[in-house]
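Enquirer: Hey, dropping data06.pdb in here, PDB, C-alpha atoms and all ligand atoms:
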ATOM      1  CA  MET T   1     -34.299 -36.364 109.347  1.00  0.00           C
ATOM      2  CA  PRO T   2     -33.140 -39.409 107.299  1.00  0.00           C
ATOM      3  CA  LYS T   3     -30.428 -38.622 104.772  1.00  0.00           C
ATOM      4  CA  ILE T   4     -29.615 -39.691 101.249  1.00  0.00           C
ATOM      5  CA  LEU T   5     -25.971 -39.414 100.213  1.00  0.00           C
ATOM      6  CA  LEU T   6     -25.310 -38.332  96.630  1.00  0.00           C
ATOM      7  CA  THR T   7     -21.737 -38.207  95.398  1.00  0.00           C
ATOM      8  CA  GLY T   8     -20.135 -36.817  92.235  1.00  0.00           C
ATOM      9  CA  PHE T   9     -16.578 -37.220  90.935  1.00  0.00           C
ATOM     10  CA  GLU T  10     -13.780 -34.724  90.337  1.00  0.00           C
ATOM     11  CA  PRO T  11     -12.860 -34.059  86.672  1.00  0.00           C
ATOM     12  CA  PHE T  12     -10.691 -36.627  84.860  1.00  0.00           C
ATOM     13  CA  GLY T  13      -9.426 -37.543  81.418  1.00  0.00           C
ATOM     14  CA  GLY T  14      -8.483 -33.964  80.488  1.00  0.00           C
ATOM     15  CA  GLU T  15     -11.968 -32.506  81.095  1.00  0.00           C
ATOM     16  CA  LYS T  16     -12.238 -29.170  82.923  1.00  0.00           C
ATOM     17  CA  VAL T  17     -15.375 -30.188  84.789  1.00  0.00           C
ATOM     18  CA  ASN T  18     -17.159 -33.329  85.837  1.00  0.00           C
ATOM     19  CA  PRO T  19     -20.912 -32.825  85.408  1.00  0.00           C
ATOM     20  CA  SER T  20     -21.578 -35.355  88.168  1.00  0.00           C
ATOM     21  CA  ALA T  21     -20.000 -33.063  90.785  1.00  0.00           C
ATOM     22  CA  LEU T  22     -21.819 -30.025  89.359  1.00  0.00           C
ATOM     23  CA  ALA T  23     -25.178 -31.799  89.345  1.00  0.00           C
ATOM     24  CA  VAL T  24     -25.024 -33.204  92.868  1.00  0.00           C
ATOM     25  CA  LYS T  25     -23.877 -29.825  94.237  1.00  0.00           C
ATOM     26  CA  GLU T  26     -27.134 -28.316  92.981  1.00  0.00           C
ATOM     27  CA  LEU T  27     -29.081 -30.775  95.101  1.00  0.00           C
ATOM     28  CA  ALA T  28     -27.055 -30.333  98.310  1.00  0.00           C
ATOM     29  CA  GLY T  29     -29.235 -29.599 101.327  1.00  0.00           C
ATOM     30  CA  LYS T  30     -32.542 -30.125  99.482  1.00  0.00           C
ATOM     31  CA  VAL T  31     -35.285 -31.962 101.315  1.00  0.00           C
ATOM     32  CA  VAL T  32     -37.292 -34.474  99.249  1.00  0.00           C
ATOM     33  CA  ASN T  33     -40.314 -36.184 100.864  1.00  0.00           C
ATOM     34  CA  GLY T  34     -38.753 -35.701 104.291  1.00  0.00           C
ATOM     35  CA  PHE T  35     -35.274 -36.957 103.287  1.00  0.00           C
ATOM     36  CA  GLU T  36     -32.326 -34.588 103.323  1.00  0.00           C
ATOM     37  CA  ILE T  37     -29.840 -34.783 100.448  1.00  0.00           C
ATOM     38  CA  VAL T  38     -26.215 -34.658 101.551  1.00  0.00           C
ATOM     39  CA  THR T  39     -23.467 -34.582  98.952  1.00  0.00           C
ATOM     40  CA  GLY T  40     -19.755 -35.013  98.428  1.00  0.00           C
ATOM     41  CA  GLU T  41     -17.129 -35.025  95.702  1.00  0.00           C
ATOM     42  CA  ILE T  42     -14.876 -38.071  95.448  1.00  0.00           C
ATOM     43  CA  PRO T  43     -11.533 -38.600  93.668  1.00  0.00           C
ATOM     44  CA  VAL T  44     -11.044 -40.488  90.404  1.00  0.00           C
ATOM     45  CA  VAL T  45      -8.404 -42.638  92.081  1.00  0.00           C
ATOM     46  CA  THR T  46      -8.466 -46.359  92.692  1.00  0.00           C
ATOM     47  CA  GLN T  47      -9.528 -47.365  96.231  1.00  0.00           C
ATOM     48  CA  LYS T  48      -9.638 -43.695  97.363  1.00  0.00           C
ATOM     49  CA  CYS T  49     -12.993 -43.336  95.581  1.00  0.00           C
ATOM     50  CA  ILE T  50     -14.330 -46.114  97.838  1.00  0.00           C
ATOM     51  CA  ASP T  51     -12.581 -44.871 101.006  1.00  0.00           C
ATOM     52  CA  GLU T  52     -13.886 -41.320 100.546  1.00  0.00           C
ATOM     53  CA  THR T  53     -17.441 -42.552 100.055  1.00  0.00           C
ATOM     54  CA  ILE T  54     -17.158 -44.720 103.182  1.00  0.00           C
ATOM     55  CA  LYS T  55     -15.956 -41.644 105.088  1.00  0.00           C
ATOM     56  CA  LEU T  56     -19.069 -39.775 103.945  1.00  0.00           C
ATOM     57  CA  ILE T  57     -21.278 -42.725 104.939  1.00  0.00           C
ATOM     58  CA  LYS T  58     -19.727 -42.739 108.436  1.00  0.00           C
ATOM     59  CA  GLU T  59     -20.142 -38.970 108.702  1.00  0.00           C
ATOM     60  CA  HIS T  60     -23.798 -38.839 107.612  1.00  0.00           C
ATOM     61  CA  SER T  61     -25.257 -42.316 108.345  1.00  0.00           C
ATOM     62  CA  PRO T  62     -27.498 -42.145 105.259  1.00  0.00           C
ATOM     63  CA  VAL T  63     -30.340 -44.561 104.519  1.00  0.00           C
ATOM     64  CA  ALA T  64     -29.277 -44.646 100.857  1.00  0.00           C
ATOM     65  CA  VAL T  65     -26.181 -43.883  98.783  1.00  0.00           C
ATOM     66  CA  VAL T  66     -26.240 -42.990  95.112  1.00  0.00           C
ATOM     67  CA  ASN T  67     -22.883 -42.405  93.436  1.00  0.00           C
ATOM     68  CA  VAL T  68     -23.054 -40.404  90.202  1.00  0.00           C
ATOM     69  CA  GLY T  69     -20.420 -40.290  87.443  1.00  0.00           C
ATOM     70  CA  GLN T  70     -19.823 -38.986  83.939  1.00  0.00           C
ATOM     71  CA  ALA T  71     -20.124 -41.472  81.097  1.00  0.00           C
ATOM     72  CA  GLY T  72     -18.813 -39.450  78.165  1.00  0.00           C
ATOM     73  CA  GLY T  73     -20.343 -40.643  74.907  1.00  0.00           C
ATOM     74  CA  ARG T  74     -23.586 -41.951  76.366  1.00  0.00           C
ATOM     75  CA  MET T  75     -26.681 -40.269  75.002  1.00  0.00           C
ATOM     76  CA  GLU T  76     -28.926 -40.567  78.023  1.00  0.00           C
ATOM     77  CA  ILE T  77     -28.855 -41.024  81.762  1.00  0.00           C
ATOM     78  CA  SER T  78     -27.940 -44.615  82.633  1.00  0.00           C
ATOM     79  CA  VAL T  79     -29.293 -46.114  85.821  1.00  0.00           C
ATOM     80  CA  GLU T  80     -26.805 -48.888  86.498  1.00  0.00           C
ATOM     81  CA  LYS T  81     -28.104 -52.329  87.440  1.00  0.00           C
ATOM     82  CA  VAL T  82     -24.899 -54.222  88.186  1.00  0.00           C
ATOM     83  CA  ALA T  83     -21.397 -53.692  89.593  1.00  0.00           C
ATOM     84  CA  ILE T  84     -18.723 -56.247  88.688  1.00  0.00           C
ATOM     85  CA  ASN T  85     -15.609 -57.293  90.605  1.00  0.00           C
ATOM     86  CA  VAL T  86     -13.199 -56.054  87.940  1.00  0.00           C
ATOM     87  CA  LYS T  87     -10.845 -53.089  87.570  1.00  0.00           C
ATOM     88  CA  ASP T  88      -9.477 -52.755  84.074  1.00  0.00           C
ATOM     89  CA  TYR T  89      -8.736 -49.108  83.374  1.00  0.00           C
ATOM     90  CA  ARG T  90      -8.919 -47.724  79.857  1.00  0.00           C
ATOM     91  CA  ILE T  91      -6.902 -44.679  81.007  1.00  0.00           C
ATOM     92  CA  PRO T  92      -4.832 -44.084  84.173  1.00  0.00           C
ATOM     93  CA  ASP T  93      -6.670 -42.595  87.157  1.00  0.00           C
ATOM     94  CA  ASN T  94      -5.914 -39.090  88.473  1.00  0.00           C
ATOM     95  CA  GLU T  95      -2.840 -40.371  90.352  1.00  0.00           C
ATOM     96  CA  GLY T  96      -1.479 -42.280  87.360  1.00  0.00           C
ATOM     97  CA  ASN T  97      -2.563 -45.787  88.415  1.00  0.00           C
ATOM     98  CA  GLN T  98      -3.489 -48.015  85.496  1.00  0.00           C
ATOM     99  CA  MET T  99      -5.239 -51.061  86.922  1.00  0.00           C
ATOM    100  CA  ARG T 100      -5.389 -54.025  84.543  1.00  0.00           C
ATOM    101  CA  PHE T 101      -7.353 -57.251  84.944  1.00  0.00           C
ATOM    102  CA  ALA T 102      -7.573 -56.807  88.741  1.00  0.00           C
ATOM    103  CA  SER T 103     -10.255 -57.613  91.325  1.00  0.00           C
ATOM    104  CA  ILE T 104     -11.794 -54.889  93.476  1.00  0.00           C
ATOM    105  CA  ALA T 105     -12.258 -57.259  96.454  1.00  0.00           C
ATOM    106  CA  GLU T 106     -10.180 -60.454  96.394  1.00  0.00           C
ATOM    107  CA  ASP T 107     -12.756 -62.284  98.508  1.00  0.00           C
ATOM    108  CA  GLY T 108     -15.812 -60.658  96.933  1.00  0.00           C
ATOM    109  CA  PRO T 109     -18.518 -62.164  94.705  1.00  0.00           C
ATOM    110  CA  ALA T 110     -18.421 -61.658  90.940  1.00  0.00           C
ATOM    111  CA  ALA T 111     -21.100 -58.956  91.040  1.00  0.00           C
ATOM    112  CA  TYR T 112     -23.697 -57.041  93.027  1.00  0.00           C
ATOM    113  CA  PHE T 113     -27.031 -55.686  91.835  1.00  0.00           C
ATOM    114  CA  ALA T 114     -28.030 -52.166  92.825  1.00  0.00           C
ATOM    115  CA  THR T 115     -30.503 -52.113  95.705  1.00  0.00           C
ATOM    116  CA  ILE T 116     -32.236 -48.915  94.604  1.00  0.00           C
ATOM    117  CA  PRO T 117     -35.303 -49.398  92.341  1.00  0.00           C
ATOM    118  CA  VAL T 118     -33.324 -49.153  89.086  1.00  0.00           C
ATOM    119  CA  GLU T 119     -36.108 -49.951  86.609  1.00  0.00           C
ATOM    120  CA  LYS T 120     -38.652 -47.710  88.352  1.00  0.00           C
ATOM    121  CA  ILE T 121     -36.182 -44.805  88.420  1.00  0.00           C
ATOM    122  CA  ALA T 122     -35.416 -45.088  84.684  1.00  0.00           C
ATOM    123  CA  GLU T 123     -39.143 -45.398  83.936  1.00  0.00           C
ATOM    124  CA  GLU T 124     -40.008 -42.303  85.992  1.00  0.00           C
ATOM    125  CA  MET T 125     -37.313 -40.249  84.288  1.00  0.00           C
ATOM    126  CA  VAL T 126     -38.652 -41.192  80.861  1.00  0.00           C
ATOM    127  CA  LYS T 127     -42.218 -40.424  81.974  1.00  0.00           C
ATOM    128  CA  GLN T 128     -41.075 -36.942  82.918  1.00  0.00           C
ATOM    129  CA  THR T 129     -39.243 -36.502  79.575  1.00  0.00           C
ATOM    130  CA  VAL T 130     -35.709 -37.081  80.795  1.00  0.00           C
ATOM    131  CA  PRO T 131     -33.934 -39.457  78.376  1.00  0.00           C
ATOM    132  CA  ALA T 132     -32.853 -42.454  80.474  1.00  0.00           C
ATOM    133  CA  SER T 133     -32.502 -46.213  80.476  1.00  0.00           C
ATOM    134  CA  VAL T 134     -31.330 -49.115  82.586  1.00  0.00           C
ATOM    135  CA  SER T 135     -27.695 -49.994  81.888  1.00  0.00           C
ATOM    136  CA  TYR T 136     -26.133 -53.392  82.469  1.00  0.00           C
ATOM    137  CA  THR T 137     -22.550 -52.211  82.530  1.00  0.00           C
ATOM    138  CA  ALA T 138     -20.984 -49.448  84.580  1.00  0.00           C
ATOM    139  CA  GLY T 139     -17.653 -50.129  82.830  1.00  0.00           C
ATOM    140  CA  THR T 140     -14.455 -51.241  84.574  1.00  0.00           C
ATOM    141  CA  TYR T 141     -13.090 -47.858  85.709  1.00  0.00           C
ATOM    142  CA  CYS T 142     -13.590 -45.858  88.931  1.00  0.00           C
ATOM    143  CA  CYS T 143     -17.390 -45.658  88.614  1.00  0.00           C
ATOM    144  CA  ASN T 144     -17.853 -49.400  88.575  1.00  0.00           C
ATOM    145  CA  GLU T 145     -15.190 -49.628  91.295  1.00  0.00           C
ATOM    146  CA  VAL T 146     -16.989 -47.311  93.711  1.00  0.00           C
ATOM    147  CA  PHE T 147     -20.338 -48.950  92.908  1.00  0.00           C
ATOM    148  CA  TYR T 148     -18.899 -52.418  93.613  1.00  0.00           C
ATOM    149  CA  GLY T 149     -16.815 -51.245  96.601  1.00  0.00           C
ATOM    150  CA  ILE T 150     -19.765 -49.602  98.349  1.00  0.00           C
ATOM    151  CA  SER T 151     -22.046 -52.569  97.599  1.00  0.00           C
ATOM    152  CA  HIS T 152     -19.402 -54.861  99.133  1.00  0.00           C
ATOM    153  CA  TYR T 153     -18.943 -52.576 102.164  1.00  0.00           C
ATOM    154  CA  ILE T 154     -22.697 -52.476 102.833  1.00  0.00           C
ATOM    155  CA  HIS T 155     -23.035 -56.228 102.329  1.00  0.00           C
ATOM    156  CA  THR T 156     -20.068 -57.306 104.466  1.00  0.00           C
ATOM    157  CA  ASN T 157     -21.045 -54.930 107.293  1.00  0.00           C
ATOM    158  CA  ASN T 158     -24.706 -55.872 107.129  1.00  0.00           C
ATOM    159  CA  LEU T 159     -25.815 -52.252 106.829  1.00  0.00           C
ATOM    160  CA  ASN T 160     -29.373 -51.233 106.107  1.00  0.00           C
ATOM    161  CA  ILE T 161     -28.455 -48.861 103.263  1.00  0.00           C
ATOM    162  CA  SER T 162     -29.796 -48.951  99.691  1.00  0.00           C
ATOM    163  CA  ASN T 163     -27.197 -48.151  97.071  1.00  0.00           C
ATOM    164  CA  GLY T 164     -26.804 -47.654  93.371  1.00  0.00           C
ATOM    165  CA  PHE T 165     -25.008 -45.797  90.619  1.00  0.00           C
ATOM    166  CA  ILE T 166     -26.163 -43.343  87.954  1.00  0.00           C
ATOM    167  CA  HIS T 167     -24.094 -42.430  84.892  1.00  0.00           C
ATOM    168  CA  ILE T 168     -24.745 -39.121  83.160  1.00  0.00           C
ATOM    169  CA  PRO T 169     -23.703 -37.781  79.729  1.00  0.00           C
ATOM    170  CA  PHE T 170     -21.359 -34.867  79.020  1.00  0.00           C
ATOM    171  CA  ILE T 171     -22.988 -31.458  79.538  1.00  0.00           C
ATOM    172  CA  LEU T 172     -23.377 -28.949  76.693  1.00  0.00           C
ATOM    173  CA  GLU T 173     -20.224 -27.026  77.698  1.00  0.00           C
ATOM    174  CA  GLN T 174     -18.162 -30.201  77.153  1.00  0.00           C
ATOM    175  CA  ALA T 175     -19.630 -30.775  73.702  1.00  0.00           C
ATOM    176  CA  ALA T 176     -20.068 -27.390  71.999  1.00  0.00           C
ATOM    177  CA  GLY T 177     -17.436 -26.908  69.306  1.00  0.00           C
ATOM    178  CA  VAL T 178     -15.707 -30.242  69.957  1.00  0.00           C
ATOM    179  CA  THR T 179     -14.565 -32.450  67.064  1.00  0.00           C
ATOM    180  CA  PRO T 180     -15.590 -35.204  66.582  1.00  0.00           C
ATOM    181  CA  PRO T 181     -19.055 -34.314  67.894  1.00  0.00           C
ATOM    182  CA  ARG T 182     -20.177 -35.693  71.255  1.00  0.00           C
ATOM    183  CA  PRO T 183     -23.635 -36.368  72.630  1.00  0.00           C
ATOM    184  CA  SER T 184     -24.577 -34.096  75.538  1.00  0.00           C
ATOM    185  CA  MET T 185     -27.411 -33.158  77.896  1.00  0.00           C
ATOM    186  CA  SER T 186     -28.045 -29.896  79.727  1.00  0.00           C
ATOM    187  CA  LEU T 187     -27.019 -29.760  83.365  1.00  0.00           C
ATOM    188  CA  GLU T 188     -30.582 -28.668  84.130  1.00  0.00           C
ATOM    189  CA  THR T 189     -32.012 -31.872  82.638  1.00  0.00           C
ATOM    190  CA  ILE T 190     -29.432 -33.981  84.461  1.00  0.00           C
ATOM    191  CA  VAL T 191     -30.329 -32.328  87.784  1.00  0.00           C
ATOM    192  CA  LYS T 192     -34.019 -32.911  87.024  1.00  0.00           C
ATOM    193  CA  GLY T 193     -33.237 -36.582  86.356  1.00  0.00           C
ATOM    194  CA  LEU T 194     -31.370 -36.958  89.634  1.00  0.00           C
ATOM    195  CA  GLU T 195     -34.211 -35.300  91.521  1.00  0.00           C
ATOM    196  CA  ILE T 196     -36.629 -37.782  89.977  1.00  0.00           C
ATOM    197  CA  ALA T 197     -34.295 -40.606  91.013  1.00  0.00           C
ATOM    198  CA  ILE T 198     -34.229 -39.365  94.613  1.00  0.00           C
ATOM    199  CA  THR T 199     -38.008 -38.876  94.743  1.00  0.00           C
ATOM    200  CA  THR T 200     -38.574 -42.394  93.412  1.00  0.00           C
ATOM    201  CA  LEU T 201     -36.062 -43.747  95.890  1.00  0.00           C
ATOM    202  CA  THR T 202     -37.737 -42.041  98.869  1.00  0.00           C
ATOM    203  CA  GLU T 203     -41.092 -43.558  97.902  1.00  0.00           C
ATOM    204  CA  TYR T 204     -39.445 -46.985  97.708  1.00  0.00           C
ATOM    205  CA  ILE T 205     -37.686 -46.603 101.087  1.00  0.00           C
ATOM    206  CA  GLU T 206     -40.908 -45.500 102.784  1.00  0.00           C
ATOM    207  CA  GLN T 207     -42.816 -48.629 101.733  1.00  0.00           C
TER     208      GLN T 207
HETATM  209  N1  LIG W   1     -16.708 -41.375  85.361  1.00  0.00           N
HETATM  210  C1  LIG W   1     -15.725 -42.427  85.368  1.00  0.00           C
HETATM  211  C2  LIG W   1     -15.015 -42.300  86.684  1.00  0.00           C
HETATM  212  C3  LIG W   1     -15.354 -40.953  87.192  1.00  0.00           C
HETATM  213  C4  LIG W   1     -16.482 -40.498  86.366  1.00  0.00           C
HETATM  214  O1  LIG W   1     -17.143 -39.466  86.550  1.00  0.00           O
HETATM  215  C5  LIG W   1     -16.305 -43.810  85.076  1.00  0.00           C
HETATM  216  O2  LIG W   1     -17.313 -43.902  84.356  1.00  0.00           O
HETATM  217  O3  LIG W   1     -15.753 -44.805  85.532  1.00  0.00           O
END
Spit out the file's structure as structure tokens when you get a sec.
Ligand code: PCA
Expert:
Amino acid sequence: MPKILLTGFEPFGGEKVNPSALAVKELAGKVVNGFEIVTGEIPVVTQKCIDETIKLIKEHSPVAVVNVGQAGGRMEISVEKVAINVKDYRIPDNEGNQMRFASIAEDGPAAYFATIPVEKIAEEMVKQTVPASVSYTAGTYCCNEVFYGISHYIHTNNLNISNGFIHIPFILEQAAGVTPPRPSMSLETIVKGLEIAITTLTEYIEQ
């Protein structure tokens, strides 16, 4: 059965959980339109986030890879359109590295577009009452780094794998009682959104 790899990140920035890891775990082993979802959790550490995802790609040989990450402060699910060749960390990663004004791949192009159907995925989520939109910046931290790194890996190795990145808001547990207030979304709605993304992706791959 063809596989789709979904990854989440470990917690970072003082948070106890990372909703991306919780959400993808709920989808592990599910079969959608004849595609099996395989999942993994990757570190919030420069380069290791890319290396760990590549390890999972080699282990599972998926037809598509969707990395998922927390974007604290965003009010809806963001389906990312573009990864840029920049690492400029707002806070140190989980091993204390603070990358500033650096490239992800010295020899790489300025940017890559996602090769999953970004607009269609965001549209489908909205249709099914999951707040979502297309985003044109995945930031300059580990999420953008893994998105760019995997795009570059697929491109330079000529692999037939679709890839993209989805940012999700904080979950309710990360927002309740916190000052100043933070936007949040229930884990259930996030999981529903990711399921819609996978379903839309399988229809696109099958064409
Ligand atoms: N979000 C961070 C990195 C890990 C995560 O879940 C980001 O947006 O870059």
Enquirer: For the structure shown, which residues end up in the PyMOL selection byres (((chain T and resi 74) around 10) and not hetatm)? Put them as a ChimeraX atom specification, please?
Expert: /T:70-73,75-78,167-170,182-185
Enquirer: Using atom CA of Lys120 of chain T and atom CA of Ala132 of chain T as the two end points, give the distance in Å to one decimal.
Expert: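 Atom-to-atom, atom CA of Lys120 of chain T and atom CA of Ala132 of chain T are spaced 11.1 Å apart.
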Enquirer: Report as an mmCIF file with C-alpha atoms, in the coordinates of the input all protein, DNA and RNA residues lying within 6 Å of segment 88-101 of chain T, evaluated on all atoms listed in the file, omitting residues in the same chain fewer than 4 positions from it.
Expert:
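Wrote out-v1.cif, looks like this:
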data_model
loop_
_atom_site.group_PDB
_atom_site.id
_atom_site.type_symbol
_atom_site.label_atom_id
_atom_site.label_comp_id
_atom_site.auth_asym_id
_atom_site.auth_seq_id
_atom_site.Cartn_x
_atom_site.Cartn_y
_atom_site.Cartn_z
ATOM 1 C CA VAL T 44 -11.044 -40.488 90.404
ATOM 2 C CA VAL T 45 -8.404 -42.638 92.081
ATOM 3 C CA THR T 140 -14.455 -51.241 84.574
ATOM 4 C CA TYR T 141 -13.090 -47.858 85.709
#
Enquirer: Step by step, work through what the PyMOL selection byres (((chain T and resi 33) around 9) and not hetatm) selects in the shown file, and finish by giving those residues as a PDB file with C-alpha atoms, in the coordinates of the input.
Expert:
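Dumped to selection_36.pdb:
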ATOM      1  CA  VAL T  31     -35.285 -31.962 101.315  1.00  0.00           C
ATOM      2  CA  VAL T  32     -37.292 -34.474  99.249  1.00  0.00           C
ATOM      3  CA  GLY T  34     -38.753 -35.701 104.291  1.00  0.00           C
ATOM      4  CA  PHE T  35     -35.274 -36.957 103.287  1.00  0.00           C
ATOM      5  CA  GLU T  36     -32.326 -34.588 103.323  1.00  0.00           C
ATOM      6  CA  THR T 199     -38.008 -38.876  94.743  1.00  0.00           C
ATOM      7  CA  THR T 202     -37.737 -42.041  98.869  1.00  0.00           C
ATOM      8  CA  GLU T 203     -41.092 -43.558  97.902  1.00  0.00           C
TER       9      GLU T 203
END
Enquirer: Rank nothing, just name the residue among T:Val65, T:Ala83, T:Ala176, T:Cys142 nearest to ligand LIG 1 (chain W), using only C-alpha atoms and all ligand atoms.
Expert: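 Looking at the shortest contact to ligand LIG 1 (chain W), the residue is T:Cys142.
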Enquirer: Could you write out as AutoDock Vina command-line options the box around segment 110-125 of chain T (axis-aligned, all atoms listed in the file, 4 Å on each side), with centre and edge lengths in Å to one decimal?
Expert:
--center_x -29.2 --center_y -51.0 --center_z 89.8 --size_x 29.6 --size_y 29.4 --size_z 19.8
